[in-house]
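File shown: work20.txt (compact mmCIF, C-alpha atoms and all ligand atoms).
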# COMPACT_ATOMS: atom_id res chain seq x y z
CA MET A 184 128.79 92.01 93.03
CA HIS A 185 125.60 93.97 93.39
CA LEU A 186 126.35 97.15 95.30
CA SER A 187 123.29 99.10 94.19
CA ARG A 188 121.21 97.00 96.58
CA PHE A 189 122.64 99.25 99.32
CA PRO A 190 121.16 102.74 99.74
CA ARG A 191 123.27 105.15 97.72
CA ILE A 192 123.14 108.77 96.62
CA HIS A 193 124.86 109.72 93.41
CA LEU A 194 127.58 112.26 94.29
CA ALA A 195 130.67 111.21 92.32
CA HIS A 196 131.62 111.41 88.66
CA LEU A 197 132.10 107.73 87.92
CA PRO A 198 133.90 105.90 86.55
CA THR A 199 137.02 107.92 87.28
CA PRO A 200 139.71 107.61 84.59
CA LEU A 201 142.35 104.87 84.71
CA GLU A 202 145.31 106.48 82.93
CA TYR A 203 148.80 105.46 81.90
CA LEU A 204 151.60 107.71 83.16
CA PRO A 205 154.24 107.55 80.41
CA ASN A 206 156.52 110.30 81.71
CA LEU A 207 156.63 109.17 85.33
CA SER A 208 157.09 105.53 84.29
CA GLN A 209 160.02 106.52 82.10
CA ALA A 210 161.55 108.83 84.70
CA LEU A 211 161.59 106.03 87.28
CA GLY A 212 162.65 103.29 84.84
CA GLY A 213 160.61 100.62 86.63
CA PRO A 214 157.10 99.26 86.07
CA ASP A 215 154.49 100.78 83.79
CA ILE A 216 152.57 103.03 86.17
CA TYR A 217 148.84 103.62 85.78
CA ILE A 218 146.86 106.00 87.95
CA LYS A 219 143.25 105.59 89.06
CA ARG A 220 142.04 109.16 89.17
CA ASP A 221 139.89 109.31 92.30
CA ASP A 222 141.07 112.89 92.63
CA CYS A 223 138.50 113.38 89.84
CA THR A 224 135.40 112.20 91.71
CA GLY A 225 134.10 115.70 91.08
CA LEU A 226 132.46 116.75 94.33
CA GLY A 227 133.95 119.99 95.69
CA THR A 228 137.44 119.33 94.18
CA GLY A 229 137.04 115.55 94.54
CA GLY A 230 138.89 112.82 96.39
CA ASN A 231 138.36 109.36 97.83
CA LYS A 232 135.85 110.29 100.55
CA THR A 233 133.22 111.04 97.93
CA ARG A 234 132.82 107.34 97.08
CA LYS A 235 132.27 106.57 100.77
CA LEU A 236 129.86 109.47 101.18
CA GLU A 237 127.60 108.10 98.43
CA PHE A 238 126.70 105.30 100.86
CA LEU A 239 127.03 107.26 104.12
CA MET A 240 124.81 110.17 103.05
CA ALA A 241 122.22 107.68 101.78
CA ASP A 242 122.26 106.04 105.21
CA ALA A 243 121.86 109.46 106.82
CA VAL A 244 118.80 110.09 104.65
CA GLU A 245 117.38 106.63 105.52
CA ASN A 246 117.79 107.60 109.18
CA ARG A 247 115.84 110.81 108.53
CA ALA A 248 118.81 112.97 109.48
CA ASP A 249 118.82 116.68 108.70
CA ALA A 250 122.39 117.32 109.88
CA VAL A 251 125.70 115.48 109.66
CA ILE A 252 128.65 115.69 112.02
CA THR A 253 132.17 114.54 111.29
CA HIS A 254 135.75 115.18 112.36
CA GLY A 255 139.24 115.30 110.93
CA ALA A 256 142.56 117.10 111.00
CA VAL A 257 142.53 120.84 110.22
CA GLN A 258 143.37 120.18 106.57
CA SER A 259 141.02 117.20 106.36
CA ASN A 260 139.93 116.27 102.84
CA HIS A 261 137.23 114.10 104.37
CA ALA A 262 135.76 117.09 106.23
CA ARG A 263 135.75 119.15 103.03
CA GLN A 264 134.03 116.43 100.98
CA THR A 265 131.50 115.87 103.77
CA ALA A 266 130.73 119.60 103.84
CA ALA A 267 130.23 119.50 100.07
CA ALA A 268 128.04 116.37 100.24
CA ALA A 269 125.92 117.97 102.96
CA ALA A 270 125.46 121.13 100.86
CA LYS A 271 124.40 118.99 97.91
CA THR A 272 121.91 116.93 99.93
CA GLY A 273 120.50 119.91 101.82
CA MET A 274 121.74 118.93 105.27
CA ASP A 275 123.39 121.02 107.95
CA CYS A 276 127.02 120.11 108.53
CA SER A 277 129.19 120.37 111.64
CA ILE A 278 132.90 119.86 111.13
CA LEU A 279 135.09 119.27 114.19
CA LEU A 280 138.76 119.84 113.42
CA GLU A 281 141.60 118.54 115.57
CA ASN A 282 144.94 120.31 115.32
CA ARG A 283 147.09 117.17 115.04
CA THR A 284 150.15 118.95 113.68
CA GLY A 285 150.40 121.89 116.07
CA TYR A 286 150.72 124.29 113.11
CA THR A 287 149.15 127.69 113.67
CA ASP A 288 150.17 129.59 110.52
CA ARG A 289 147.51 131.23 108.45
CA ASP A 290 147.80 128.94 105.39
CA TYR A 291 147.31 125.85 107.54
CA MET A 292 144.51 127.26 109.69
CA GLU A 293 142.53 129.16 107.05
CA SER A 294 143.42 128.15 103.49
CA GLY A 295 143.01 124.94 101.49
CA ASN A 296 140.41 122.54 102.83
CA VAL A 297 139.35 124.70 105.81
CA PHE A 298 138.52 127.57 103.52
CA LEU A 299 136.38 125.24 101.41
CA ASP A 300 134.59 123.76 104.48
CA GLY A 301 133.33 127.26 105.24
CA LEU A 302 132.50 128.00 101.62
CA PHE A 303 130.30 124.88 101.49
CA GLY A 304 128.42 126.30 104.47
CA ALA A 305 129.65 123.98 107.21
CA GLU A 306 129.92 125.10 110.81
CA ILE A 307 133.53 124.61 111.93
CA ALA A 308 134.87 124.10 115.45
CA HIS A 309 138.54 123.72 116.35
CA PHE A 310 139.98 121.38 119.00
CA PRO A 311 143.52 120.83 120.29
CA ARG A 312 145.51 117.72 119.44
CA ASP A 313 144.61 114.52 121.34
CA THR A 314 141.05 115.63 122.03
CA ASP A 315 138.60 112.70 122.26
CA MET A 316 137.01 113.54 118.91
CA ASP A 317 134.40 110.77 119.06
CA GLY A 318 133.30 112.21 122.39
CA ALA A 319 133.26 115.70 120.91
CA MET A 320 131.00 114.46 118.10
CA GLU A 321 128.63 112.89 120.65
CA ASP A 322 128.49 116.20 122.54
CA LYS A 323 127.73 118.01 119.30
CA ALA A 324 124.99 115.51 118.45
CA GLU A 325 123.42 116.03 121.87
CA GLU A 326 123.48 119.79 121.41
CA LEU A 327 121.85 119.50 117.97
CA ARG A 328 119.16 117.14 119.31
CA SER A 329 118.36 119.62 122.07
CA ARG A 330 117.71 122.16 119.31
CA GLY A 331 115.30 119.77 117.58
CA LYS A 332 117.67 118.53 114.88
CA THR A 333 118.28 114.91 113.86
CA PRO A 334 122.06 114.53 113.53
CA TYR A 335 123.92 111.67 111.88
CA ILE A 336 127.52 111.02 112.89
CA ILE A 337 129.99 110.12 110.15
CA PRO A 338 133.16 108.56 111.60
CA GLY A 339 136.59 110.03 110.88
CA GLY A 340 137.54 109.43 107.25
CA GLY A 341 134.07 107.98 106.61
CA SER A 342 135.63 104.65 107.53
CA ASN A 343 133.07 102.11 108.61
CA ALA A 344 131.42 99.16 106.87
CA ILE A 345 129.00 101.47 105.07
CA GLY A 346 131.60 103.94 103.79
CA ALA A 347 133.99 101.18 102.74
CA LEU A 348 131.39 99.95 100.23
CA GLY A 349 132.56 102.89 98.11
CA TYR A 350 135.95 101.22 97.74
CA VAL A 351 134.54 97.79 97.08
CA ASN A 352 132.87 99.63 94.22
CA CYS A 353 136.18 101.21 93.17
CA ALA A 354 137.87 97.80 93.02
CA ILE A 355 135.14 96.47 90.73
CA GLU A 356 135.23 99.63 88.61
CA THR A 357 139.01 99.38 88.17
CA LEU A 358 138.83 95.68 87.26
CA THR A 359 136.17 96.42 84.66
CA GLN A 360 138.32 99.17 83.15
CA ALA A 361 141.39 96.94 83.13
CA ASN A 362 139.40 94.17 81.44
CA ASP A 363 138.13 96.58 78.80
CA MET A 364 141.66 97.92 78.17
CA GLY A 365 143.23 94.47 78.16
CA LEU A 366 145.42 95.59 81.04
CA ARG A 367 146.89 92.95 83.36
CA ILE A 368 147.35 94.58 86.77
CA ASP A 369 150.29 93.14 88.73
CA HIS A 370 150.14 95.48 91.72
CA PHE A 371 147.69 97.92 93.26
CA VAL A 372 149.03 100.61 95.62
CA THR A 373 147.17 103.19 97.72
CA ALA A 374 147.80 105.51 100.63
CA THR A 375 146.08 104.28 103.79
CA GLY A 376 144.91 106.28 106.82
CA SER A 377 141.55 105.73 108.49
CA ALA A 378 141.49 102.39 106.61
CA GLY A 379 138.20 102.50 104.67
CA THR A 380 139.88 102.80 101.30
CA GLN A 381 142.23 99.85 101.70
CA ALA A 382 139.57 97.77 103.48
CA GLY A 383 137.01 98.28 100.71
CA LEU A 384 139.59 97.62 98.00
CA VAL A 385 140.82 94.41 99.60
CA VAL A 386 137.27 93.11 99.94
CA GLY A 387 136.55 93.95 96.29
CA LEU A 388 139.82 92.48 95.02
CA GLU A 389 139.53 89.30 97.09
CA ALA A 390 135.81 88.64 96.65
CA THR A 391 136.29 88.79 92.87
CA ASN A 392 139.35 86.52 93.07
CA SER A 393 141.31 89.16 91.12
CA GLN A 394 144.64 87.82 92.41
CA ILE A 395 145.99 91.37 92.48
CA PRO A 396 148.19 92.12 95.51
CA LEU A 397 147.30 95.36 97.27
CA LEU A 398 149.71 97.50 99.27
CA GLY A 399 148.69 100.32 101.58
CA ILE A 400 151.26 102.99 102.32
CA GLY A 401 150.61 104.34 105.81
CA VAL A 402 150.44 108.00 106.79
CA ARG A 403 149.98 107.76 110.55
CA ALA A 404 149.97 104.49 112.54
CA PRO A 405 152.75 101.89 112.72
CA LYS A 406 152.47 98.83 110.44
CA ASP A 407 150.96 96.31 112.90
CA GLN A 408 148.33 98.75 114.07
CA GLN A 409 147.45 99.88 110.55
CA GLU A 410 147.14 96.35 109.20
CA GLU A 411 144.95 95.31 112.13
CA LYS A 412 142.69 98.33 111.62
CA VAL A 413 142.33 97.63 107.89
CA TYR A 414 141.73 93.91 108.51
CA GLN A 415 139.03 94.53 111.14
CA LEU A 416 137.23 96.95 108.83
CA ALA A 417 137.58 94.61 105.84
CA CYS A 418 135.94 91.84 107.91
CA ALA A 419 133.14 94.17 109.02
CA THR A 420 132.59 95.27 105.43
CA ALA A 421 132.49 91.68 104.18
CA ASP A 422 129.99 90.84 106.96
CA HIS A 423 127.84 93.81 105.96
CA MET A 424 127.80 92.48 102.37
CA GLY A 425 127.06 88.90 103.40
CA ILE A 426 130.42 87.55 102.22
CA SER A 427 132.09 86.98 105.59
CA GLY A 428 135.54 85.45 105.51
CA CYS A 429 136.48 86.54 102.00
CA VAL A 430 139.63 88.36 103.18
CA ALA A 431 142.54 86.43 104.70
CA ARG A 432 144.67 88.33 107.20
CA ASP A 433 147.79 87.98 105.04
CA LYS A 434 146.12 89.88 102.18
CA VAL A 435 146.17 93.03 104.30
CA ILE A 436 149.60 94.56 103.88
CA ALA A 437 150.74 98.02 104.92
CA ASN A 438 154.13 99.67 104.65
CA CYS A 439 154.42 102.48 107.19
CA ASP A 440 158.02 103.49 106.53
CA TYR A 441 157.14 106.81 104.90
CA VAL A 442 155.20 108.58 107.67
CA GLY A 443 158.21 110.67 108.70
CA SER A 444 157.91 112.41 112.06
CA GLY A 445 154.12 112.18 112.19
CA TYR A 446 150.70 112.55 110.62
CA GLY A 447 150.42 115.65 108.49
CA LEU A 448 154.08 116.60 108.96
CA PRO A 449 155.84 117.08 105.63
CA THR A 450 158.77 114.86 104.62
CA GLN A 451 161.49 115.56 102.08
CA SER A 452 160.43 112.49 100.06
CA MET A 453 156.80 113.76 99.96
CA VAL A 454 157.94 117.14 98.61
CA GLU A 455 160.05 115.37 95.97
CA ALA A 456 157.20 113.03 95.01
CA VAL A 457 154.61 115.82 94.71
CA THR A 458 157.06 117.89 92.67
CA LEU A 459 158.03 115.00 90.39
CA MET A 460 154.39 114.14 89.63
CA ALA A 461 153.59 117.80 88.91
CA HIS A 462 156.62 118.19 86.63
CA GLN A 463 156.19 114.88 84.79
CA GLU A 464 152.45 114.46 84.52
CA ALA A 465 150.87 117.77 85.64
CA ILE A 466 148.88 115.86 88.26
CA LEU A 467 148.47 117.38 91.73
CA MET A 468 149.01 115.11 94.72
CA ASP A 469 148.48 116.12 98.36
CA PRO A 470 150.98 116.65 101.17
CA VAL A 471 149.40 114.40 103.83
CA TYR A 472 148.27 111.23 102.03
CA SER A 473 148.73 110.72 98.30
CA GLY A 474 152.08 112.58 98.34
CA LYS A 475 153.49 110.31 101.06
CA GLY A 476 151.93 107.29 99.33
CA LEU A 477 153.65 108.24 96.10
CA ALA A 478 156.92 108.88 97.96
CA GLY A 479 156.71 105.30 99.24
CA LEU A 480 155.92 103.95 95.79
CA ILE A 481 158.87 105.80 94.24
CA ASP A 482 161.22 104.48 96.89
CA LEU A 483 159.97 100.90 96.48
CA ILE A 484 160.50 101.16 92.71
CA ARG A 485 164.04 102.43 93.29
CA GLN A 486 164.66 99.52 95.67
CA GLY A 487 163.56 97.10 92.93
CA GLU A 488 160.36 95.97 94.68
CA TYR A 489 158.42 96.66 91.46
CA THR A 490 160.17 96.10 88.16
CA LYS A 491 160.13 96.69 84.42
CA GLY A 492 157.53 94.63 82.61
CA GLN A 493 155.05 94.85 85.49
CA ASN A 494 151.90 96.97 85.41
CA LEU A 495 151.16 98.86 88.58
CA VAL A 496 148.06 100.88 89.46
CA PHE A 497 148.44 103.70 91.97
CA LEU A 498 145.18 105.01 93.40
CA HIS A 499 145.12 108.80 93.42
CA THR A 500 143.01 109.46 96.49
CA GLY A 501 142.89 113.24 95.89
CA GLY A 502 143.60 116.01 98.36
CA SER A 503 145.24 118.66 96.19
CA ALA A 504 143.26 121.38 98.01
CA GLY A 505 145.47 120.58 101.00
CA LEU A 506 148.53 121.85 99.10
CA PHE A 507 147.40 125.39 99.83
CA GLY A 508 147.59 124.70 103.56
CA TYR A 509 151.20 123.54 103.15
CA ILE A 510 152.78 126.12 100.85
CA GLU A 511 155.70 126.62 103.26
CA ALA A 512 156.74 122.97 102.95
CA PHE A 513 157.64 123.55 99.29
CA PRO A 514 160.60 125.52 97.98
CA ALA A 515 159.62 129.01 96.79
CA PRO A 516 159.34 129.24 92.99
CA LEU A 517 162.45 130.67 91.35
C1 LIG A 601 141.50 110.16 103.65
C2 LIG A 601 142.52 110.15 102.58
C3 LIG A 601 143.30 109.00 102.34
C4 LIG A 601 143.23 107.76 103.17
O1 LIG A 601 142.06 107.04 102.98
P1 LIG A 601 141.48 106.19 104.22
O2 LIG A 601 140.26 105.59 103.71
O3 LIG A 601 141.27 107.20 105.32
O4 LIG A 601 142.51 105.21 104.60
C5 LIG A 601 144.19 109.03 101.29
N1 LIG A 601 144.34 110.14 100.53
C6 LIG A 601 143.62 111.25 100.74
C7 LIG A 601 143.86 112.43 99.87
C8 LIG A 601 142.69 111.30 101.78
O5 LIG A 601 141.99 112.42 101.98

Show the structure stored in the file as structure tokens.
Amino acid sequence: MHLSRFPRIHLAHLPTPLEYLPNLSQALGGPDIYIKRDDCTGLGTGGNKTRKLEFLMADAVENRADAVITHGAVQSNHARQTAAAAAKTGMDCSILLENRTGYTDRDYMESGNVFLDGLFGAEIAHFPRDTDMDGAMEDKAEELRSRGKTPYIIPGGGSNAIGALGYVNCAIETLTQANDMGLRIDHFVTATGSAGTQAGLVVGLEATNSQIPLLGIGVRAPKDQQEEKVYQLACATADHMGISGCVARDKVIANCDYVGSGYGLPTQSMVEAVTLMAHQEAILMDPVYSGKGLAGLIDLIRQGEYTKGQNLVFLHTGGSAGLFGYIEAFPAPL
């Protein structure tokens, strides 16, 4: 597949490592677990949004934009990576943050990703939960246009057919690494939220006939809704690439049993998963996405869904900066 025919700005350190996790694999006693280190994409502490932003920022430049607008939760990793990408490409950046959790403590409101948004020079505005954030972005765009700017709106999570190209690319990159290592991948698992990551991966894995099953572990919406969102975006992405129809509906699978009481609200299993990964492999997960994704993976291994002798790749989508917004969710060090 020839992704460089689409406009793209180089922002990420690629390829990211594909590493074996000996200690975690042994501790869980199930499959051999490999991790695709998209926490190491390199831009402003890294994460999965950087791959999407390579294509989105290029599209902004093609549209002669001099400012980007996006939105997310207060501790949004997407907002932070967008602020970093804007700094790097010399654009203004407006970040609209929705308080989805209702938390008002100082760590949540000012540390972690929010702190970095400001450090990268973005203008930040806060909104209460359930605000129409797409409407708020339109209002912001109008305001910027009235001041003579040319804004470009990046959807939440960078999840549209342009951003998802970044994860088609990740699928191809991972397959190339596996081929070079002689690694047979039996399962691919990722956290899934705004859907661009899973949608891009499923297009890449299906269009190459990899025959690798992909599971998304949800962090917000119920299963039916999440699968439909991923499927619609996968179809739009395939259309954009001129390979319509490459993804069958039954290849889009989400497990949304690990959300807990809501988006961005810590769960006991997330705290255990983040702690286990830190203790076993010294790798930092995040409290909202990769930590809940890993919690799901651990539980599925314990239930016997994935077994000894299989090779499983877990996509580390990043987000460790968010830990500092959630210090209270973790037990105090002894
Ligand atoms: C955004 C994000 C995800 C989810 O990716 P989507 O493309 O939004 O589904 C997973 N992990 C982290 C750390 C994220 O920031």

Distance table requested - chain A against ligand LIG 601 (chain A), cut-off 7 Å, only C-alpha atoms and all ligand atoms: one row per qualifying residue with the closest atom pair and its distance in Å to one decimal, ordered by chain and rising residue number, as JSON lines.
{"residue": "A:Gly230", "atom": "CA", "partner": "A:LIG601", "partner_atom": "C7", "distance": 6.1}
{"residue": "A:Asn231", "atom": "CA", "partner": "A:LIG601", "partner_atom": "C8", "distance": 6.2}
{"residue": "A:Lys232", "atom": "CA", "partner": "A:LIG601", "partner_atom": "C1", "distance": 6.4}
{"residue": "A:Ser259", "atom": "CA", "partner": "A:LIG601", "partner_atom": "O5", "distance": 6.6}
{"residue": "A:Asn260", "atom": "CA", "partner": "A:LIG601", "partner_atom": "O5", "distance": 4.5}
{"residue": "A:His261", "atom": "CA", "partner": "A:LIG601", "partner_atom": "O5", "distance": 5.6}
{"residue": "A:Gly340", "atom": "CA", "partner": "A:LIG601", "partner_atom": "O3", "distance": 4.8}
{"residue": "A:Ser342", "atom": "CA", "partner": "A:LIG601", "partner_atom": "O2", "distance": 6.1}
{"residue": "A:Ala374", "atom": "CA", "partner": "A:LIG601", "partner_atom": "C5", "distance": 5.1}
{"residue": "A:Thr375", "atom": "CA", "partner": "A:LIG601", "partner_atom": "O4", "distance": 3.8}
{"residue": "A:Gly376", "atom": "CA", "partner": "A:LIG601", "partner_atom": "O4", "distance": 3.4}
{"residue": "A:Ser377", "atom": "CA", "partner": "A:LIG601", "partner_atom": "O3", "distance": 3.5}
{"residue": "A:Ala378", "atom": "CA", "partner": "A:LIG601", "partner_atom": "O4", "distance": 3.6}
{"residue": "A:Gly379", "atom": "CA", "partner": "A:LIG601", "partner_atom": "O2", "distance": 3.8}
{"residue": "A:Thr380", "atom": "CA", "partner": "A:LIG601", "partner_atom": "O2", "distance": 3.7}
{"residue": "A:Gln381", "atom": "CA", "partner": "A:LIG601", "partner_atom": "O4", "distance": 6.1}
{"residue": "A:Asp469", "atom": "CA", "partner": "A:LIG601", "partner_atom": "C7", "distance": 6.1}
{"residue": "A:Tyr472", "atom": "CA", "partner": "A:LIG601", "partner_atom": "N1", "distance": 4.3}
{"residue": "A:Ser473", "atom": "CA", "partner": "A:LIG601", "partner_atom": "N1", "distance": 5.0}
{"residue": "A:Thr500", "atom": "CA", "partner": "A:LIG601", "partner_atom": "N1", "distance": 4.3}
{"residue": "A:Gly501", "atom": "CA", "partner": "A:LIG601", "partner_atom": "C7", "distance": 4.2}
{"residue": "A:Gly502", "atom": "CA", "partner": "A:LIG601", "partner_atom": "C7", "distance": 3.9}

Inset, instruction - Enumerate, as a list in words, the protein, DNA and RNA residues whose atoms approach (132.0, 121.0, 114.3) to within 6 Å, taking into account all atoms listed in the file and the coordinate frame of the file. - result: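 Every polymer residue passing the test: Ser277, Ile278, Leu279, Glu306, Ile307 and Ala308 of chain A.
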
Name the residues within 7 Å of (145.1, 108.4, 89.2), counting all atoms listed in the file in the file's coordinates, and put them as an mmCIF file with C-alpha atoms, in the frame of the given file.
data_model
loop_
_atom_site.group_PDB
_atom_site.id
_atom_site.type_symbol
_atom_site.label_atom_id
_atom_site.label_comp_id
_atom_site.auth_asym_id
_atom_site.auth_seq_id
_atom_site.Cartn_x
_atom_site.Cartn_y
_atom_site.Cartn_z
ATOM 1 C CA LEU A 201 142.350 104.870 84.710
ATOM 2 C CA GLU A 202 145.310 106.480 82.930
ATOM 3 C CA TYR A 217 148.840 103.620 85.780
ATOM 4 C CA ILE A 218 146.860 106.000 87.950
ATOM 5 C CA LYS A 219 143.250 105.590 89.060
ATOM 6 C CA ARG A 220 142.040 109.160 89.170
ATOM 7 C CA ASP A 221 139.890 109.310 92.300
ATOM 8 C CA ASP A 222 141.070 112.890 92.630
ATOM 9 C CA PHE A 497 148.440 103.700 91.970
ATOM 10 C CA LEU A 498 145.180 105.010 93.400
ATOM 11 C CA HIS A 499 145.120 108.800 93.420
#

Inset, instruction - Go through A:Leu388, A:Ala267, A:Val251, A:Val435 and flag the residue nearest Glu411 in chain A, using only C-alpha atoms for the distances. - result: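 Checking each of A:Leu388, A:Ala267, A:Val251, A:Val435 against Glu411 in chain A, counting only C-alpha atoms, the winner is A:Val435.
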
Legend entry - Separation of CA of Val351 in chain A from CA of Lys235 in chain A, in Å and rounded to one decimal: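 According to the coordinates, CA of Val351 in chain A and CA of Lys235 in chain A are separated by 9.8 Å.
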
Inset, instruction - Excluding Tyr350 in chain A and residues on its chain fewer than 6 positions from it, collect all residues at most 7 Å away from it, counting only C-alpha atoms, and give them as an MDAnalysis selection string. - result: chainID A and resid 234 380 383:384

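Taking CA of Ile484 in chain A and CA of Leu397 in chain A as endpoints, the distance between them is 15.1 Å.
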
Inset, instruction - Give the answer as one residue: which of A:Met292, A:Ala305, A:Val372, A:Cys353 has the shortest atom-to-atom distance to Ala256 in chain A, using all atoms listed in the file? - result: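 Answer, going by the shortest atom-to-atom distance: A:Met292.
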
Inset, instruction - Pick out the closest residue to Ala243 in chain A from this set: A:Pro334, A:Met320, A:Leu204, A:Gly213. Count only C-alpha atoms. - result: A:Pro334

Legend entry - Of the listed residues A:Glu281, A:Glu455, A:Glu410, A:Asp433, that which approaches Ala262 in chain A most closely, counting all atoms listed in the file: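 So, comparing all the options, the nearest one is A:Glu281.
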
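For the choices A:Tyr446, A:Phe310, A:Tyr335, A:Phe371, the atom-to-atom distance to Asp275 in chain A is smallest for A:Tyr335 when using only C-alpha atoms.
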